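> Data: data-v6.cif, mmCIF, C-alpha atoms.
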data_protein
#
loop_
_atom_site.label_atom_id
_atom_site.label_comp_id
_atom_site.auth_asym_id
_atom_site.auth_seq_id
_atom_site.Cartn_x
_atom_site.Cartn_y
_atom_site.Cartn_z
CA MET I 1 -110.82 -45.68 8.27
CA THR I 2 -108.03 -43.20 8.71
CA ALA I 3 -104.77 -43.49 6.79
CA HIS I 4 -102.23 -45.88 8.21
CA VAL I 5 -99.38 -44.32 10.16
CA ARG I 6 -96.06 -44.11 8.36
CA PRO I 7 -93.46 -46.13 10.29
CA THR I 8 -90.00 -44.80 11.07
CA VAL I 9 -87.35 -47.41 10.23
CA ARG I 10 -83.64 -46.89 10.89
CA ILE I 11 -80.73 -49.27 10.31
CA GLN I 12 -77.64 -47.88 12.01
CA ALA I 13 -74.34 -48.67 13.68
CA GLU I 14 -74.89 -46.06 16.39
CA ASP I 15 -76.66 -46.68 19.66
CA PHE I 16 -80.20 -45.44 20.25
CA ASP I 17 -82.02 -43.93 23.22
CA ALA I 18 -85.37 -45.60 23.87
CA ALA I 19 -86.66 -42.69 25.98
CA ALA I 20 -85.78 -40.20 23.25
CA GLU I 21 -87.58 -42.34 20.67
CA ILE I 22 -90.71 -42.50 22.84
CA ALA I 23 -90.60 -38.72 23.23
CA ARG I 24 -90.15 -38.27 19.49
CA LEU I 25 -93.14 -40.51 18.76
CA SER I 26 -95.48 -38.84 21.25
CA ALA I 27 -94.40 -35.18 20.97
CA GLY I 28 -97.40 -32.91 20.46
CA ARG I 29 -99.85 -35.83 20.28
CA LYS I 30 -103.04 -36.15 22.30
CA ASP I 31 -104.50 -39.22 20.61
CA ILE I 32 -102.04 -41.79 21.96
CA GLY I 33 -103.24 -43.86 24.91
CA ALA I 34 -100.56 -46.55 24.95
CA ILE I 35 -96.92 -46.88 24.01
CA VAL I 36 -95.08 -50.20 24.17
CA THR I 37 -91.32 -50.42 23.71
CA PHE I 38 -89.24 -53.52 23.23
CA SER I 39 -85.46 -53.28 23.53
CA GLY I 40 -83.29 -56.22 22.53
CA LEU I 41 -79.84 -56.25 24.17
CA CYS I 42 -76.67 -58.24 23.68
CA ARG I 43 -76.14 -60.70 26.56
CA ASP I 44 -72.83 -62.30 27.55
CA GLU I 45 -74.13 -65.90 27.78
CA GLY I 46 -72.74 -66.39 31.28
CA GLY I 47 -69.46 -64.64 30.50
CA ARG I 48 -68.73 -66.67 27.36
CA LEU I 49 -69.32 -63.82 24.89
CA ALA I 50 -67.13 -60.76 24.35
CA ALA I 51 -69.34 -59.33 21.61
CA LEU I 52 -71.70 -60.04 18.75
CA GLU I 53 -70.88 -58.96 15.21
CA LEU I 54 -74.09 -58.17 13.34
CA GLU I 55 -73.81 -58.47 9.59
CA HIS I 56 -76.67 -57.10 7.50
CA TYR I 57 -77.77 -56.75 3.89
CA PRO I 58 -77.77 -52.99 3.27
CA GLY I 59 -80.81 -51.90 1.32
CA MET I 60 -82.77 -55.09 1.90
CA ALA I 61 -82.61 -54.63 5.68
CA GLU I 62 -84.42 -51.29 5.38
CA ALA I 63 -86.79 -52.64 2.71
CA GLU I 64 -87.76 -55.81 4.59
CA ILE I 65 -88.24 -54.11 7.96
CA SER I 66 -90.33 -51.45 6.22
CA ARG I 67 -92.48 -54.21 4.68
CA ILE I 68 -92.95 -55.86 8.10
CA ALA I 69 -93.70 -52.49 9.73
CA GLY I 70 -96.17 -51.68 6.97
CA GLU I 71 -97.97 -54.98 7.56
CA ALA I 72 -98.19 -54.21 11.29
CA THR I 73 -99.88 -50.89 10.54
CA THR I 74 -102.51 -52.65 8.44
CA ARG I 75 -103.18 -55.34 11.08
CA TRP I 76 -103.39 -53.09 14.15
CA PRO I 77 -104.72 -49.53 14.58
CA LEU I 78 -101.34 -48.01 15.36
CA THR I 79 -100.89 -44.28 15.79
CA GLY I 80 -97.09 -44.44 15.78
CA LEU I 81 -94.36 -46.97 15.01
CA THR I 82 -90.56 -46.83 15.20
CA VAL I 83 -88.15 -49.69 14.49
CA ILE I 84 -84.38 -49.31 14.90
CA HIS I 85 -81.94 -52.16 14.25
CA ARG I 86 -78.19 -51.81 14.80
CA PHE I 87 -75.38 -53.53 12.93
CA GLY I 88 -71.64 -53.95 13.53
CA ARG I 89 -69.88 -55.00 16.72
CA ILE I 90 -72.12 -54.91 19.78
CA GLU I 91 -70.91 -55.76 23.28
CA PRO I 92 -72.87 -57.36 26.13
CA GLY I 93 -75.19 -54.88 27.77
CA ALA I 94 -75.56 -52.76 24.64
CA ASN I 95 -78.69 -52.29 22.55
CA ILE I 96 -79.37 -54.27 19.37
CA VAL I 97 -82.97 -53.54 18.40
CA LEU I 98 -85.79 -51.21 19.40
CA VAL I 99 -89.49 -51.41 18.58
CA VAL I 100 -91.85 -48.65 19.72
CA THR I 101 -95.56 -49.02 19.03
CA ALA I 102 -98.21 -46.45 19.86
CA SER I 103 -101.97 -46.89 19.78
CA THR I 104 -105.16 -45.66 21.36
CA HIS I 105 -105.37 -48.76 23.56
CA ARG I 106 -102.76 -51.14 24.91
CA GLU I 107 -103.79 -54.38 23.18
CA ALA I 108 -102.83 -53.19 19.71
CA ALA I 109 -99.54 -51.75 20.95
CA PHE I 110 -98.56 -54.96 22.79
CA GLU I 111 -99.58 -57.28 19.98
CA ALA I 112 -97.99 -55.24 17.20
CA ALA I 113 -94.69 -55.03 19.11
CA SER I 114 -94.68 -58.80 19.61
CA PHE I 115 -95.53 -59.42 15.94
CA LEU I 116 -92.78 -57.06 14.81
CA MET I 117 -90.12 -58.77 16.92
CA ASP I 118 -91.13 -62.26 15.75
CA TYR I 119 -91.00 -61.17 12.12
CA LEU I 120 -87.77 -59.21 12.50
CA LYS I 121 -86.09 -62.32 13.89
CA SER I 122 -87.18 -64.59 11.06
CA ARG I 123 -87.23 -62.23 8.03
CA ALA I 124 -84.94 -59.22 8.53
CA PRO I 125 -81.58 -59.91 6.81
CA PHE I 126 -79.23 -59.79 9.80
CA TRP I 127 -76.79 -62.47 10.99
CA LYS I 128 -75.04 -62.65 14.36
CA LYS I 129 -71.49 -63.91 14.75
CA GLU I 130 -70.08 -64.58 18.20
CA HIS I 131 -66.77 -63.27 19.50
CA LEU I 132 -65.69 -65.17 22.60
CA SER I 133 -64.26 -63.81 25.85
CA ASP I 134 -61.19 -66.05 25.46
CA GLY I 135 -60.35 -64.28 22.19
CA GLY I 136 -61.68 -66.99 19.90
CA GLU I 137 -64.28 -66.77 17.21
CA GLY I 138 -67.46 -68.50 18.26
CA GLY I 139 -69.12 -69.00 14.92
CA TRP I 140 -72.50 -67.93 13.59
CA VAL I 141 -75.55 -67.97 15.83
CA GLU I 142 -78.03 -70.70 14.85
CA VAL I 143 -81.73 -70.10 14.38
CA ARG I 144 -83.83 -71.18 17.32
CA THR I 145 -86.84 -73.28 16.34
CA SER I 146 -88.83 -71.47 19.03
CA ASP I 147 -88.38 -68.27 16.99
CA ASP I 148 -89.91 -69.93 13.90
CA LYS I 149 -92.82 -71.20 16.01
CA ALA I 150 -93.30 -67.71 17.44
CA THR I 151 -93.56 -66.30 13.92
CA ALA I 152 -95.96 -68.99 12.75
CA ARG I 153 -98.60 -67.99 15.32
CA TRP I 154 -99.25 -64.74 13.43
CA LYS I 155 -100.06 -66.48 10.14
CA THR I 156 -103.60 -65.80 9.08
CA PRO I 157 -105.48 -68.92 7.96
CA MET K 1 -76.39 -61.33 -19.41
CA GLU K 2 -74.50 -61.06 -16.14
CA THR K 3 -76.30 -61.25 -12.83
CA LYS K 4 -74.93 -59.82 -9.59
CA LEU K 5 -74.75 -62.43 -6.85
CA ILE K 6 -74.30 -61.39 -3.20
CA TYR K 7 -73.44 -63.67 -0.28
CA PHE K 8 -73.81 -63.17 3.45
CA ALA K 9 -72.62 -64.72 6.74
CA TRP K 10 -71.27 -68.30 6.43
CA VAL K 11 -72.35 -68.53 2.80
CA ARG K 12 -70.00 -65.59 2.10
CA GLU K 13 -67.19 -67.10 4.20
CA ARG K 14 -67.36 -70.51 2.55
CA ILE K 15 -67.60 -69.19 -1.02
CA GLY K 16 -64.77 -66.81 -0.16
CA LYS K 17 -66.11 -63.57 -1.62
CA PRO K 18 -68.91 -61.12 -0.79
CA GLU K 19 -70.23 -60.77 -4.34
CA GLU K 20 -69.55 -61.54 -7.99
CA ARG K 21 -71.04 -61.20 -11.43
CA VAL K 22 -71.96 -64.45 -13.15
CA THR K 23 -73.40 -65.28 -16.55
CA LEU K 24 -76.12 -67.82 -15.87
CA PRO K 25 -76.69 -70.68 -18.31
CA ASP K 26 -80.06 -70.85 -20.06
CA GLY K 27 -81.13 -73.86 -18.01
CA VAL K 28 -80.98 -71.89 -14.75
CA ARG K 29 -84.49 -70.55 -14.40
CA THR K 30 -85.32 -70.73 -10.69
CA ALA K 31 -83.61 -69.92 -7.39
CA GLY K 32 -83.24 -73.64 -6.71
CA GLU K 33 -81.65 -74.23 -10.11
CA LEU K 34 -79.23 -71.39 -9.38
CA LEU K 35 -78.11 -73.12 -6.17
CA ALA K 36 -77.57 -76.41 -8.06
CA PHE K 37 -75.59 -74.59 -10.76
CA LEU K 38 -73.38 -72.76 -8.26
CA ARG K 39 -72.51 -76.00 -6.44
CA THR K 40 -70.65 -77.12 -9.58
CA ARG K 41 -68.34 -74.09 -9.47
CA GLY K 42 -65.87 -75.36 -6.87
CA ASP K 43 -65.22 -76.64 -3.38
CA GLY K 44 -66.14 -73.38 -1.65
CA TYR K 45 -69.52 -73.31 -3.34
CA GLU K 46 -70.09 -76.97 -2.53
CA ALA K 47 -69.24 -76.30 1.14
CA ALA K 48 -71.59 -73.32 1.25
CA LEU K 49 -74.50 -74.91 -0.57
CA GLN K 50 -74.31 -78.60 0.36
CA ARG K 51 -77.63 -78.29 2.21
CA PRO K 52 -79.52 -76.14 -0.30
CA GLU K 53 -82.78 -76.51 1.64
CA VAL K 54 -81.46 -74.22 4.40
CA ILE K 55 -80.23 -71.50 2.03
CA ARG K 56 -82.47 -68.42 1.74
CA VAL K 57 -82.68 -66.53 -1.53
CA ALA K 58 -83.61 -62.89 -2.16
CA VAL K 59 -84.22 -61.53 -5.66
CA ASP K 60 -83.83 -57.76 -5.95
CA GLN K 61 -83.95 -57.52 -2.13
CA GLU K 62 -87.13 -59.55 -1.60
CA HIS K 63 -87.35 -63.06 -0.13
CA VAL K 64 -88.33 -65.73 -2.68
CA ALA K 65 -89.04 -69.47 -2.55
CA HIS K 66 -86.67 -71.89 -4.29
CA ASP K 67 -89.17 -72.51 -7.09
CA ALA K 68 -89.44 -68.79 -7.89
CA PRO K 69 -88.26 -67.69 -11.34
CA ILE K 70 -85.14 -65.53 -11.43
CA ALA K 71 -85.42 -64.21 -14.99
CA GLY K 72 -84.62 -60.51 -15.18
CA ALA K 73 -83.14 -60.34 -11.68
CA ARG K 74 -80.56 -57.58 -11.21
CA GLU K 75 -79.31 -58.83 -7.87
CA ILE K 76 -79.67 -62.24 -6.23
CA ALA K 77 -78.57 -62.77 -2.64
CA LEU K 78 -77.88 -66.11 -0.95
CA PHE K 79 -77.66 -66.38 2.82
CA PRO K 80 -78.33 -68.61 5.83
CA PRO K 81 -81.47 -68.34 7.95
CA MET K 82 -81.53 -64.92 9.61
CA THR K 83 -80.65 -64.32 13.26
CA GLY K 84 -81.35 -60.63 13.79
CA GLY K 85 -83.60 -59.03 16.35
#
Can I see the file as structure tokens?


Amino acid sequence: MTAHVRPTVRIQAEDFDAAAEIARLSAGRKDIGAIVTFSGLCRDEGGRLAALELEHYPGMAEAEISRIAGEATTRWPLTGLTVIHRFGRIEPGANIVLVVTASTHREAAFEAASFLMDYLKSRAPFWKKEHLSDGGEGGWVEVRTSDDKATARWKTP
Amino acid sequence: METKLIYFAWVRERIGKPEERVTLPDGVRTAGELLAFLRTRGDGYEAALQRPEVIRVAVDQEHVAHDAPIAGAREIALFPPMTGG
């Protein structure tokens, strides 16, 4: 068994470029057969939302996402992994989160990306507050029970 | 000994401050006991922690269950269920 890949984890206010992150992950490599990317964007909820404010727990956000990423590298034979999560004010159409998984074959890359997103949603210390188009404050986003169910399917018996 | 407490999202808003240092009584040994103790500290705490079962606790930046011991913790964070991703 070869050593597990070391994930790249970044928590940042700035935007990211998914294509640049794919290029960074695959540069000079000839062992990668599959790269899956997931980008999570801010949506306007039918025009209701002006922006999301993402609060995070500095330090723990990096630590927890690194723990989740580390678990993904032990469960799937990944040859590359990048996770970027933004914080601060994010407007509709803009990026929030990026997961890039690389592997020899597609199954591991697809499954690991899905696992990472489910776990990020339920365990990474970020909270979304809504800012409304009419200028009001929309309150904190509630957890969706479908997200908890999505996470539960990865639990090993 | 003082312990650093940190609050996030609506827990922070209802308590009215992002963090504080608190000397915990001897009887406060677990995360759940900490929540019960903090509820006695005023209306803001009561508003934030009235449904303790939904509050998540992290000790030194790791998630813990409510029955987890908190002895020796440097930093304890209280927050609502997370909505990142």

> Care to translate the PyMOL selection byres ((chain K) within 7 of (chain I)) into actual residues of this file, as a PDB file with C-alpha atoms, in the coordinates of the input?


ATOM      1  CA  ALA K   9     -72.620 -64.720   6.740  1.00  0.00           C
ATOM      2  CA  GLN K  61     -83.950 -57.520  -2.130  1.00  0.00           C
ATOM      3  CA  PRO K  81     -81.470 -68.340   7.950  1.00  0.00           C
ATOM      4  CA  MET K  82     -81.530 -64.920   9.610  1.00  0.00           C
ATOM      5  CA  THR K  83     -80.650 -64.320  13.260  1.00  0.00           C
ATOM      6  CA  GLY K  84     -81.350 -60.630  13.790  1.00  0.00           C
ATOM      7  CA  GLY K  85     -83.600 -59.030  16.350  1.00  0.00           C
TER       8      GLY K  85
END

> For His105 in chain I, which residue among I:Ala27, I:Ala18, I:Ala34, I:Ile65 is the nearest when counting all atoms listed in the file?

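Among the listed residues, I:Ala34 lies closest to His105 in chain I.
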
> Once the PyMOL selection byres ((chain K and resi 33-41) around 9) is applied to the coordinates I shared, what remains selected? I want it as JSON, numbers by chain.

{"K": [24, 25, 27, 28, 29, 30, 31, 32, 42, 43, 44, 45, 46, 47, 48, 49, 50, 52, 55, 66, 67, 70, 78]}

> Keeping only C-alpha atoms, write the selected residues as a PDB file, in the frame of the given file.


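again_31.pdb written:
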ATOM      1  CA  LEU K  24     -76.120 -67.820 -15.870  1.00  0.00           C
ATOM      2  CA  PRO K  25     -76.690 -70.680 -18.310  1.00  0.00           C
ATOM      3  CA  GLY K  27     -81.130 -73.860 -18.010  1.00  0.00           C
ATOM      4  CA  VAL K  28     -80.980 -71.890 -14.750  1.00  0.00           C
ATOM      5  CA  ARG K  29     -84.490 -70.550 -14.400  1.00  0.00           C
ATOM      6  CA  THR K  30     -85.320 -70.730 -10.690  1.00  0.00           C
ATOM      7  CA  ALA K  31     -83.610 -69.920  -7.390  1.00  0.00           C
ATOM      8  CA  GLY K  32     -83.240 -73.640  -6.710  1.00  0.00           C
ATOM      9  CA  GLY K  42     -65.870 -75.360  -6.870  1.00  0.00           C
ATOM     10  CA  ASP K  43     -65.220 -76.640  -3.380  1.00  0.00           C
ATOM     11  CA  GLY K  44     -66.140 -73.380  -1.650  1.00  0.00           C
ATOM     12  CA  TYR K  45     -69.520 -73.310  -3.340  1.00  0.00           C
ATOM     13  CA  GLU K  46     -70.090 -76.970  -2.530  1.00  0.00           C
ATOM     14  CA  ALA K  47     -69.240 -76.300   1.140  1.00  0.00           C
ATOM     15  CA  ALA K  48     -71.590 -73.320   1.250  1.00  0.00           C
ATOM     16  CA  LEU K  49     -74.500 -74.910  -0.570  1.00  0.00           C
ATOM     17  CA  GLN K  50     -74.310 -78.600   0.360  1.00  0.00           C
ATOM     18  CA  PRO K  52     -79.520 -76.140  -0.300  1.00  0.00           C
ATOM     19  CA  ILE K  55     -80.230 -71.500   2.030  1.00  0.00           C
ATOM     20  CA  HIS K  66     -86.670 -71.890  -4.290  1.00  0.00           C
ATOM     21  CA  ASP K  67     -89.170 -72.510  -7.090  1.00  0.00           C
ATOM     22  CA  ILE K  70     -85.140 -65.530 -11.430  1.00  0.00           C
ATOM     23  CA  LEU K  78     -77.880 -66.110  -0.950  1.00  0.00           C
TER      24      LEU K  78
END

> Go through K:Tyr7, K:Ala65, K:Glu2, K:Glu13 one by one, measure the shortest atom-to-atom distance of each to Asp26 in chain K using all atoms listed in the file, and give the residue with the smallest value.

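Of K:Tyr7, K:Ala65, K:Glu2, K:Glu13, the one nearest Asp26 in chain K, counting all atoms listed in the file, is K:Glu2.
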
> Would you mind listing what lies within 7 Å of Ala109 in chain I as a PyMOL selection string, with all atoms listed in the file counted and same-chain residues fewer than 3 positions away left out?

chain I and resi 34-36+78+101-103+106+112-113

> I'd like the residues picked by the PyMOL selection byres ((chain K and resi 19) around 10) written out as a ChimeraX atom specification, using the chain letters and numbers from the file.

/K:4-8,12,15-18,20-22,75-78

> Quick one: pull the distance between CA of Gly72 in chain K and CA of Thr3 in chain K, Å, one decimal.

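These two atoms are separated by 8.7 Å.
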
> Interatomic distance between CA of Ser26 in chain I and CA of Gly80 in chain I?

8.0 Å

> Within 7 Å of Leu52 in chain I, counting all atoms listed in the file, which residues show up once you throw out same-chain ones fewer than 6 positions away? Write them as a PyMOL selection string, please.

chain I and resi 89-91+128-131

> Once you have the residues from the selection above, write them out as a PDB file, keeping the file's coordinate frame, restricted to C-alpha atoms.


ATOM      1  CA  ARG I  89     -69.880 -55.000  16.720  1.00  0.00           C
ATOM      2  CA  ILE I  90     -72.120 -54.910  19.780  1.00  0.00           C
ATOM      3  CA  GLU I  91     -70.910 -55.760  23.280  1.00  0.00           C
ATOM      4  CA  LYS I 128     -75.040 -62.650  14.360  1.00  0.00           C
ATOM      5  CA  LYS I 129     -71.490 -63.910  14.750  1.00  0.00           C
ATOM      6  CA  GLU I 130     -70.080 -64.580  18.200  1.00  0.00           C
ATOM      7  CA  HIS I 131     -66.770 -63.270  19.500  1.00  0.00           C
TER       8      HIS I 131
END

> Between CA of Leu25 in chain I and CA of Leu81 in chain I, what is the distance, to one decimal in Å?

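Distance between the two atoms: 7.6 Å.
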